[in-house]
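Chemist: After the structure tokens below, expect a handful of questions from me.
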Amino acid sequence: LQSGVERELGDGKAPNGLESLGSLYFEPVWLFVRDDAGNDDVPDLEGKRVYWGHVGGDARAAARTLLRAYGVESSPPNPALDQLGPSEAAEALLAAEADAVFLAGAIAGTPVRRLLAEDGVHPMSAQHANVFTRIHPDIGSLVIPQGLLGLAEMIPREDVRVIAPAITLVADEALHPAWVDLFLDAATSLHRDATLLSKRGEFPSEDYTSLPMNAEAVRYYKQGPSGLRKYLPFWLASLIDQLIIYGLPVFVVLSTVFKGIPVYLEWKLKLEFLEFYKRLTVIENASDRQERRDHYFAELDRIEAESANVRVPGLHLPHYFELHQYIHDMRERMERGW
């Protein structure tokens with residue numbers, strides 16, 4: 001799993017050999033400020049005591065990306081705040097020990113919900129979120145409506161627009177297509193239902209990702225599970241696929257062999273019959289038939305006996321009987337003296 005803003009410090013290129021299988025859910029980034037700090041927009045944070053989020057987290061990456069987009073020079077994190085966790089940073093903001101804190105996580109996350117309910121602090125709405133999402137296609141823009149976390153307490157107190165990086169399912173480009181289907185089946189089962197931040201069926205999605213999409217994943221989003229997996233359990237569909245992959249070439253070879261056997265037998269039979277007809281032609285064209293009459297009668301008997309031992313398929317019986325009829329006719333002509 002990877003969030004797009006985790007790559008904001010790099011050159012913007014996709015890591016070698018990695019592809020996206022789709023985005024799974026939003027992880028909104030909240031910017032809370034003190035009411036008395038005079039912070040109305042991101043550029044106002046320059047020189048203030050800001051908690052950037054814990055090291056390596058989405059909040060810190062989003063904070064640096066935001067400042068860069070606004071052209072604000074990113075100063076080093078405040079050493080006193082940099083060692084804090086999200087809950088401790090929220091306490092520091094409430095105690096006026098910090099002017100702003102970046103927090104990332106679900107809307108019902110403990111530090112986020114507490115700050116939404118407290119007086120003296122408020123979430124800063126992302127005024128140019130639509131521009132920011134054009135620059136970073138793997139980041140969404142969400143409006144958190146007033147009272148979403150509690151109408152009775154009216155939390156939040158007003159509509160808040162936040163930027164929301166999408167958590168992406170990342171895989172090696174050499175991943176087998178069958179695994180792609182399995183991963184996306186699991187992702188669909190886990191993330192297709194509606195949440196406070198997304199509609200039913202919005203995730204998993206091929207949107208909100210900056211990595212190149214896996215080709216099999218694109219097909220999955222357009223057509224669903226491949227082939228037989230639409231109708232059969234995975235193990236059975238995979239078994240049939242394997243039989244097709246490995247059995248089809250064997251079937252083609254055997255089919256070719258079996259088709260060749262009748263052709264070979266027919267060719268062999270024709271050669272045998274041709275040999276008989278050559279011997280009959282010798283008798284037919286002989287000039288000494290009368291002098292060697294007994295010899296040629298014996299030859300006809302041998303040809304007839306040998307041809308009777310030839311195994312003739314039913315389809316070629318007419319040729320067999322034609323040969324024997326020819327032998328019979330030749331014998332009669334020789335008896336009449338030609």
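Each chain of the structure tokens is named A, B, ... in the order shown, its residues numbered from 1; ligands are numbered from 1 in display order.
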Identify, with DSSP run on backbone atoms, the residues in segment 45-126 of chain A assigned to alpha helix (DSSP H), and express the list as number ranges by chain.

Modeler: A: 58-69, 79-82, 86-94, 110-117

Chemist: For Gly105 of chain A, find every residue with an atom within 12 Å (counting only C-alpha atoms), except residues of its own chain fewer than 4 positions away, and show them as a list in words.

Modeler: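 Selected residues are Ser3, Tyr25, Phe26, Glu27, Pro28, Val29, Trp30, Leu31, Gly53, Gly57, Asp58, Ala59, Pro86, Gly109, Thr110, Pro111, Val112, Arg113, Val162, Ile163, Ala164, Pro165, Ala166, Ile167 and Leu197 of chain A.
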
Chemist: Would you compute the distance between atom CA of Glu335 of chain A and atom CA of Arg289 of chain A? Give it in Å to one decimal.

Modeler: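 Atom CA of Glu335 of chain A sits 10.8 Å away from atom CA of Arg289 of chain A.
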
Chemist: Measure the distance from atom CA of Ala217 of chain A to atom CA of Ala194 of chain A in Å and round it to one decimal.

Modeler: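 According to the coordinates, atom CA of Ala217 of chain A and atom CA of Ala194 of chain A are separated by 21.7 Å.
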
Chemist: Looking at only C-alpha atoms, which of A:Glu304, A:Ser87, A:Asp41, A:Glu216 is the one that sits closest to Val72 of chain A?

Modeler: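 Looking only at the distances to Val72 of chain A, the closest residue turns out to be A:Asp41.
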
Chemist: Can you list every residue in segment 2-172 of chain A that DSSP puts in strand (DSSP E), as a ChimeraX atom specification?

Modeler: /A:2-3,18-26,29-34,50-51,100-104,121-123,139-144,160-172

Chemist: Find the spatial neighbours of Glu299 of chain A, counting only C-alpha atoms, within a cut-off of 10 Å - ignore same-chain residues fewer than 6 positions away - and output them as a list of chain:residue names.

Modeler: A:Arg279, A:Leu280, A:Ile283, A:Arg293, A:Ala305

Chemist: Point out the residue among A:Ala96, A:Ala298, A:Ala63, A:Val101 with the least atom-to-atom distance to Val33 of chain A, counting only C-alpha atoms.

Modeler: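 Nearest to Val33 of chain A: A:Val101.
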
Chemist: Which is closer to Leu45 of chain A than all the others in A:Phe102, A:Leu269, A:Leu184, A:His295, using only C-alpha atoms?

Modeler: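 Checking each candidate against Leu45 of chain A, we get A:Phe102 as the closest.
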
Chemist: For a quick check of understanding, using only C-alpha atoms, which of A:Ala100, A:Ala80, A:Ala95, A:Leu236 has the smallest distance to Glu46 of chain A?

Modeler: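 Distance minimum relative to Glu46 of chain A lands on A:Ala100.
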
Chemist: Counting only C-alpha atoms, which residue out of A:Glu153, A:Ser20, A:Ile139, A:Pro233 sits closest to Leu182 of chain A?

Modeler: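 When distances to Leu182 of chain A are compared using only C-alpha atoms, the smallest one comes from A:Pro233.
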
Chemist: Would you pick out the contacts of Ile144 of chain A at 9 Å or less, using only C-alpha atoms, so that residues sharing its chain but fewer than 3 positions from it are not included, and give the list as a PyMOL selection string?

Modeler: chain A and resi 107+147-148+156+158-162+196-197
